[in-house]
Amino acid sequence: MLKLLVAAALVALVAAEGIPDFVAPGNCAKVANQDNFDLRRYAGRWYQVQIIDNAYQPYTRCIHSNYDYSDSDNGFKVTTAGFSPNNEYLRLQGKIYPTKDFPAAHMLIDFPTVFAAPYEVIETDYDSYSCVYSCIDTDKYKSEFGFVFSRTPQNSGTAIDRCASVFRRNGVDFSLFNVVPHTAECVYRA
């Protein structure tokens with residue numbers, strides 16, 4: 001019996017070390033989505049200024065996206081770009097769109113190298129900030145990501161302050177967010 005318990009403990013230890021860093025115990029926050037979300041007003045360029053680290057994003061600084069709204073797709077063709085830790089300029093293209101199952105502000109993000117995930121606009125004023133939550137949970141574990149977007153990479157304090165309050169009010173731990181550096185070396189070509 002002792003051998004069985006030790007074997008079970010070892011299997012659990014090995015399995016625990018195999019869990020990716022972005023998977024944590026717990027369940028996703030039940031966030032409120034932006035009321036009367038306007039897809040057309042959301043279009044344009046957004047800069048990520050704070051994020052919960054996302055292993056699916058290959059870039060760590062100068063992260064920006066261009067949201068090109070399409071009536072025929074009822075969503076966005078999105079180009080996101082930035083610099084990797086190795087100083088490579090990388091660009092990814094995908095789609096973000098609402099589904100019939102949720103309100104317009106609760107969309108689906110779909111990029112070729114990543115599994116589809118929720119993209120929930122909790123709050124935006126369309127002109128200066130957007131607070132976005134993406135989380136999947138199963139069996140008491142969650143993969144949780146959050147994004148603070150600003151329309152400009154400079155003077156993003158308003159976006160950060162506003163979204164910090166919004167995330168906290170919705171039960172998301174804002175201490176998990178990290179600053180995305182936007183320096184003089186940034187190139188914005190998405």
# chains A, B, ... in the order shown; residues from 1 in each chain; ligands from 1
call {"tool": "residues_around", "arguments": {"residues": "Asn66 (chain A)", "least_positions_apart": "3", "cutoff": "12 Å", "atoms": "only C-alpha atoms", "output": "MDAnalysis selection string"}}
result
chainID A and resid 42:48 63 69 76:82 91:96 149 151 188:190
call {"tool": "write_last_selection", "arguments": {"atoms": "N, CA and C atoms", "output": "PDB file, in the first residue's frame"}}
result
ATOM      1  N   TYR A  42     -15.150  50.617 -32.104  1.00  0.00           N
ATOM      2  CA  TYR A  42     -14.014  49.926 -31.497  1.00  0.00           C
ATOM      3  C   TYR A  42     -12.867  49.738 -32.496  1.00  0.00           C
ATOM      4  N   ALA A  43     -13.155  49.829 -33.773  1.00  0.00           N
ATOM      5  CA  ALA A  43     -12.146  49.619 -34.812  1.00  0.00           C
ATOM      6  C   ALA A  43     -11.016  50.635 -34.690  1.00  0.00           C
ATOM      7  N   GLY A  44      -9.870  50.272 -35.274  1.00  0.00           N
ATOM      8  CA  GLY A  44      -8.721  51.178 -35.290  1.00  0.00           C
ATOM      9  C   GLY A  44      -7.545  50.602 -34.535  1.00  0.00           C
ATOM     10  N   ARG A  45      -6.596  51.451 -34.224  1.00  0.00           N
ATOM     11  CA  ARG A  45      -5.362  51.022 -33.564  1.00  0.00           C
ATOM     12  C   ARG A  45      -5.503  51.091 -32.043  1.00  0.00           C
ATOM     13  N   TRP A  46      -5.039  50.013 -31.404  1.00  0.00           N
ATOM     14  CA  TRP A  46      -4.981  49.918 -29.940  1.00  0.00           C
ATOM     15  C   TRP A  46      -3.570  49.484 -29.540  1.00  0.00           C
ATOM     16  N   TYR A  47      -3.102  50.001 -28.410  1.00  0.00           N
ATOM     17  CA  TYR A  47      -1.789  49.653 -27.855  1.00  0.00           C
ATOM     18  C   TYR A  47      -1.997  48.922 -26.537  1.00  0.00           C
ATOM     19  N   GLN A  48      -1.362  47.766 -26.375  1.00  0.00           N
ATOM     20  CA  GLN A  48      -1.411  47.062 -25.096  1.00  0.00           C
ATOM     21  C   GLN A  48      -0.434  47.763 -24.160  1.00  0.00           C
ATOM     22  N   ILE A  63       3.723  46.363 -28.065  1.00  0.00           N
ATOM     23  CA  ILE A  63       2.612  45.564 -28.594  1.00  0.00           C
ATOM     24  C   ILE A  63       1.459  46.480 -29.014  1.00  0.00           C
ATOM     25  N   TYR A  69     -12.554  46.634 -39.007  1.00  0.00           N
ATOM     26  CA  TYR A  69     -13.925  46.132 -38.961  1.00  0.00           C
ATOM     27  C   TYR A  69     -14.427  45.786 -40.353  1.00  0.00           C
ATOM     28  N   PHE A  76     -13.733  41.721 -36.704  1.00  0.00           N
ATOM     29  CA  PHE A  76     -12.487  42.397 -37.033  1.00  0.00           C
ATOM     30  C   PHE A  76     -11.457  41.446 -37.618  1.00  0.00           C
ATOM     31  N   LYS A  77     -10.752  41.914 -38.617  1.00  0.00           N
ATOM     32  CA  LYS A  77      -9.493  41.313 -39.022  1.00  0.00           C
ATOM     33  C   LYS A  77      -8.456  42.068 -38.205  1.00  0.00           C
ATOM     34  N   VAL A  78      -7.666  41.334 -37.430  1.00  0.00           N
ATOM     35  CA  VAL A  78      -6.747  41.976 -36.491  1.00  0.00           C
ATOM     36  C   VAL A  78      -5.304  41.619 -36.843  1.00  0.00           C
ATOM     37  N   THR A  79      -4.472  42.639 -36.887  1.00  0.00           N
ATOM     38  CA  THR A  79      -3.035  42.454 -37.034  1.00  0.00           C
ATOM     39  C   THR A  79      -2.405  42.969 -35.752  1.00  0.00           C
ATOM     40  N   THR A  80      -1.690  42.086 -35.054  1.00  0.00           N
ATOM     41  CA  THR A  80      -1.009  42.455 -33.815  1.00  0.00           C
ATOM     42  C   THR A  80       0.483  42.270 -34.028  1.00  0.00           C
ATOM     43  N   ALA A  81       1.265  43.213 -33.519  1.00  0.00           N
ATOM     44  CA  ALA A  81       2.713  43.158 -33.714  1.00  0.00           C
ATOM     45  C   ALA A  81       3.431  43.727 -32.493  1.00  0.00           C
ATOM     46  N   GLY A  82       4.726  43.462 -32.459  1.00  0.00           N
ATOM     47  CA  GLY A  82       5.587  43.975 -31.395  1.00  0.00           C
ATOM     48  C   GLY A  82       6.933  43.288 -31.471  1.00  0.00           C
ATOM     49  N   ARG A  91       4.745  39.786 -36.290  1.00  0.00           N
ATOM     50  CA  ARG A  91       3.394  40.208 -36.619  1.00  0.00           C
ATOM     51  C   ARG A  91       2.515  38.966 -36.780  1.00  0.00           C
ATOM     52  N   LEU A  92       1.323  38.996 -36.178  1.00  0.00           N
ATOM     53  CA  LEU A  92       0.346  37.912 -36.318  1.00  0.00           C
ATOM     54  C   LEU A  92      -0.966  38.493 -36.822  1.00  0.00           C
ATOM     55  N   GLN A  93      -1.677  37.712 -37.623  1.00  0.00           N
ATOM     56  CA  GLN A  93      -2.978  38.133 -38.111  1.00  0.00           C
ATOM     57  C   GLN A  93      -4.029  37.112 -37.715  1.00  0.00           C
ATOM     58  N   GLY A  94      -5.189  37.607 -37.343  1.00  0.00           N
ATOM     59  CA  GLY A  94      -6.286  36.736 -36.955  1.00  0.00           C
ATOM     60  C   GLY A  94      -7.600  37.479 -37.018  1.00  0.00           C
ATOM     61  N   LYS A  95      -8.596  36.928 -36.337  1.00  0.00           N
ATOM     62  CA  LYS A  95      -9.931  37.531 -36.316  1.00  0.00           C
ATOM     63  C   LYS A  95     -10.439  37.606 -34.886  1.00  0.00           C
ATOM     64  N   ILE A  96     -11.236  38.613 -34.638  1.00  0.00           N
ATOM     65  CA  ILE A  96     -11.979  38.748 -33.378  1.00  0.00           C
ATOM     66  C   ILE A  96     -13.404  39.097 -33.790  1.00  0.00           C
ATOM     67  N   PHE A 149      -5.838  48.281 -22.901  1.00  0.00           N
ATOM     68  CA  PHE A 149      -5.521  48.909 -24.185  1.00  0.00           C
ATOM     69  C   PHE A 149      -5.675  50.421 -24.067  1.00  0.00           C
ATOM     70  N   ARG A 151      -5.436  54.059 -26.726  1.00  0.00           N
ATOM     71  CA  ARG A 151      -5.373  54.509 -28.120  1.00  0.00           C
ATOM     72  C   ARG A 151      -4.007  55.116 -28.442  1.00  0.00           C
ATOM     73  N   TYR A 188       5.571  51.005 -35.037  1.00  0.00           N
ATOM     74  CA  TYR A 188       4.161  50.639 -35.061  1.00  0.00           C
ATOM     75  C   TYR A 188       3.711  50.449 -36.508  1.00  0.00           C
ATOM     76  N   ARG A 189       3.756  49.181 -36.978  1.00  0.00           N
ATOM     77  CA  ARG A 189       3.439  48.879 -38.370  1.00  0.00           C
ATOM     78  C   ARG A 189       2.326  47.852 -38.515  1.00  0.00           C
ATOM     79  N   ALA A 190       1.599  47.554 -37.483  1.00  0.00           N
ATOM     80  CA  ALA A 190       0.532  46.540 -37.588  1.00  0.00           C
ATOM     81  C   ALA A 190      -0.614  47.089 -38.410  1.00  0.00           C
TER      82      ALA A 190
END
call {"tool": "residues_around", "arguments": {"residues": "His106 (chain A)", "least_positions_apart": "6", "cutoff": "9 Å", "atoms": "only C-alpha atoms", "output": "JSON, numbers by chain"}}
result
{"A": [33, 34, 97, 98, 99, 118, 119, 120, 121, 122]}
call {"tool": "write_last_selection", "arguments": {"atoms": "C-alpha atoms", "output": "mmCIF file, in the first residue's frame"}}
result
data_model
loop_
_atom_site.group_PDB
_atom_site.id
_atom_site.type_symbol
_atom_site.label_atom_id
_atom_site.label_comp_id
_atom_site.auth_asym_id
_atom_site.auth_seq_id
_atom_site.Cartn_x
_atom_site.Cartn_y
_atom_site.Cartn_z
ATOM 1 C CA ASN A 33 -19.505 43.132 -20.537
ATOM 2 C CA GLN A 34 -19.802 46.595 -22.065
ATOM 3 C CA TYR A 97 -15.734 38.509 -33.747
ATOM 4 C CA PRO A 98 -18.977 38.201 -31.786
ATOM 5 C CA THR A 99 -20.906 34.946 -31.800
ATOM 6 C CA PRO A 118 -13.029 34.523 -25.256
ATOM 7 C CA TYR A 119 -12.369 38.230 -25.791
ATOM 8 C CA GLU A 120 -14.619 40.140 -23.403
ATOM 9 C CA VAL A 121 -14.674 43.918 -23.514
ATOM 10 C CA ILE A 122 -15.562 44.770 -19.933
#
call {"tool": "atom_distance", "arguments": {"atom1": "CA of Tyr59 (chain A)", "atom2": "CA of Pro112 (chain A)"}}
result
16.0 Å
call {"tool": "closest_residue", "arguments": {"among": "A:Gly75, A:Ala32, A:Asp68, A:Asn87", "to": "Ile109 (chain A)", "atoms": "only C-alpha atoms"}}
result
A:Gly75
call {"tool": "residues_around", "arguments": {"residues": "Asp161 (chain A)", "least_positions_apart": "5", "cutoff": "12 Å", "atoms": "only C-alpha atoms", "output": "PDB file with N, CA and C atoms, in the first residue's frame"}}
result
ATOM      1  N   VAL A  49      -0.947  48.265 -23.039  1.00  0.00           N
ATOM      2  CA  VAL A  49      -0.077  48.990 -22.104  1.00  0.00           C
ATOM      3  C   VAL A  49       0.131  48.231 -20.794  1.00  0.00           C
ATOM      4  N   GLN A  50      -0.771  47.334 -20.459  1.00  0.00           N
ATOM      5  CA  GLN A  50      -0.588  46.408 -19.338  1.00  0.00           C
ATOM      6  C   GLN A  50      -1.311  45.115 -19.670  1.00  0.00           C
ATOM      7  N   SER A 128     -10.063  56.268 -25.635  1.00  0.00           N
ATOM      8  CA  SER A 128      -8.812  56.303 -24.868  1.00  0.00           C
ATOM      9  C   SER A 128      -8.452  54.986 -24.185  1.00  0.00           C
ATOM     10  N   TYR A 129      -9.429  54.167 -23.797  1.00  0.00           N
ATOM     11  CA  TYR A 129      -9.095  52.934 -23.080  1.00  0.00           C
ATOM     12  C   TYR A 129     -10.064  51.807 -23.426  1.00  0.00           C
ATOM     13  N   SER A 130      -9.572  50.580 -23.216  1.00  0.00           N
ATOM     14  CA  SER A 130     -10.394  49.390 -23.327  1.00  0.00           C
ATOM     15  C   SER A 130      -9.849  48.358 -22.345  1.00  0.00           C
ATOM     16  N   CYS A 131     -10.720  47.765 -21.556  1.00  0.00           N
ATOM     17  CA  CYS A 131     -10.364  46.749 -20.565  1.00  0.00           C
ATOM     18  C   CYS A 131     -10.920  45.408 -21.069  1.00  0.00           C
ATOM     19  N   VAL A 148      -5.010  45.781 -20.863  1.00  0.00           N
ATOM     20  CA  VAL A 148      -5.363  47.195 -20.798  1.00  0.00           C
ATOM     21  C   VAL A 148      -4.883  47.791 -22.111  1.00  0.00           C
ATOM     22  N   PHE A 149      -5.838  48.281 -22.901  1.00  0.00           N
ATOM     23  CA  PHE A 149      -5.521  48.909 -24.185  1.00  0.00           C
ATOM     24  C   PHE A 149      -5.675  50.421 -24.067  1.00  0.00           C
ATOM     25  N   SER A 150      -4.828  51.119 -24.805  1.00  0.00           N
ATOM     26  CA  SER A 150      -4.895  52.572 -24.899  1.00  0.00           C
ATOM     27  C   SER A 150      -4.843  52.947 -26.374  1.00  0.00           C
ATOM     28  N   ASN A 155       1.179  58.485 -22.433  1.00  0.00           N
ATOM     29  CA  ASN A 155       0.087  59.013 -21.599  1.00  0.00           C
ATOM     30  C   ASN A 155      -1.041  58.005 -21.396  1.00  0.00           C
ATOM     31  N   SER A 156      -0.658  56.766 -21.127  1.00  0.00           N
ATOM     32  CA  SER A 156      -1.658  55.707 -20.962  1.00  0.00           C
ATOM     33  C   SER A 156      -2.146  55.583 -19.519  1.00  0.00           C
ATOM     34  N   VAL A 166     -11.829  48.902 -12.999  1.00  0.00           N
ATOM     35  CA  VAL A 166     -12.798  48.027 -13.657  1.00  0.00           C
ATOM     36  C   VAL A 166     -12.492  46.557 -13.365  1.00  0.00           C
ATOM     37  N   PHE A 167     -11.228  46.170 -13.488  1.00  0.00           N
ATOM     38  CA  PHE A 167     -10.869  44.770 -13.226  1.00  0.00           C
ATOM     39  C   PHE A 167     -11.115  44.404 -11.766  1.00  0.00           C
ATOM     40  N   ARG A 168     -10.702  45.261 -10.856  1.00  0.00           N
ATOM     41  CA  ARG A 168     -10.917  44.968  -9.425  1.00  0.00           C
ATOM     42  C   ARG A 168     -12.402  44.817  -9.116  1.00  0.00           C
ATOM     43  N   PHE A 174      -5.725  42.710 -10.162  1.00  0.00           N
ATOM     44  CA  PHE A 174      -4.947  43.610 -11.010  1.00  0.00           C
ATOM     45  C   PHE A 174      -3.451  43.553 -10.697  1.00  0.00           C
TER      46      PHE A 174
END
call {"tool": "residues_around", "arguments": {"residues": "region 113-117 of chain A", "least_positions_apart": "2", "cutoff": "8 Å", "atoms": "only C-alpha atoms", "output": "ChimeraX atom specification"}}
result
/A:56,108-111,119,134-136
call {"tool": "select_by_dssp", "arguments": {"residues": "region 39-146 of chain A", "states": "strand (DSSP E)", "output": "VMD selection string"}}
result
chain A and resid 44 to 52 61 to 70 75 to 83 89 to 98 106 to 110 117 to 124 129 to 138 141 to 146
call {"tool": "atom_distance", "arguments": {"atom1": "CA of Arg61 (chain A)", "atom2": "CA of Cys186 (chain A)"}}
result
8.0 Å
call {"tool": "closest_residue", "arguments": {"among": "A:Tyr126, A:Asp173, A:Thr152, A:Pro85", "to": "Leu39 (chain A)", "atoms": "only C-alpha atoms"}}
result
A:Tyr126
call {"tool": "closest_residue", "arguments": {"among": "A:Phe177, A:Pro103, A:Asp73, A:His64", "to": "Asp35 (chain A)", "atoms": "only C-alpha atoms"}}
result
A:Pro103
call {"tool": "atom_distance", "arguments": {"atom1": "CA of Phe147 (chain A)", "atom2": "CA of Val172 (chain A)"}}
result
11.3 Å
call {"tool": "select_by_dssp", "arguments": {"residues": "region 72-188 of chain A", "states": "alpha helix (DSSP H)", "output": "PyMOL selection string"}}
result
chain A and resi 157-169
call {"tool": "write_last_selection", "arguments": {"atoms": "C-alpha atoms", "output": "PDB file, in the first residue's frame"}}
result
ATOM      1  CA  GLY A 157      -2.146  56.483 -17.257  1.00  0.00           C
ATOM      2  CA  THR A 158      -5.841  57.162 -17.718  1.00  0.00           C
ATOM      3  CA  ALA A 159      -6.349  53.772 -19.364  1.00  0.00           C
ATOM      4  CA  ILE A 160      -4.378  51.987 -16.634  1.00  0.00           C
ATOM      5  CA  ASP A 161      -6.168  53.767 -13.785  1.00  0.00           C
ATOM      6  CA  ARG A 162      -9.598  53.221 -15.301  1.00  0.00           C
ATOM      7  CA  CYS A 163      -9.005  49.543 -16.110  1.00  0.00           C
ATOM      8  CA  ALA A 164      -7.427  48.841 -12.702  1.00  0.00           C
ATOM      9  CA  SER A 165     -10.696  49.954 -11.122  1.00  0.00           C
ATOM     10  CA  VAL A 166     -12.798  48.027 -13.657  1.00  0.00           C
ATOM     11  CA  PHE A 167     -10.869  44.770 -13.226  1.00  0.00           C
ATOM     12  CA  ARG A 168     -10.917  44.968  -9.425  1.00  0.00           C
ATOM     13  CA  ARG A 169     -14.656  45.663  -9.434  1.00  0.00           C
TER      14      ARG A 169
END
call {"tool": "closest_residue", "arguments": {"among": "A:Ser175, A:Thr124, A:Ser72, A:Ser65", "to": "Asp38 (chain A)", "atoms": "only C-alpha atoms"}}
result
A:Thr124
call {"tool": "closest_residue", "arguments": {"among": "A:Gln57, A:Asn170, A:Met107, A:Phe102", "to": "Leu90 (chain A)", "atoms": "only C-alpha atoms"}}
result
A:Gln57
call {"tool": "closest_residue", "arguments": {"among": "A:Lys30, A:Asp127, A:Ala105, A:Ala24", "to": "Gly171 (chain A)", "atoms": "only C-alpha atoms"}}
result
A:Lys30
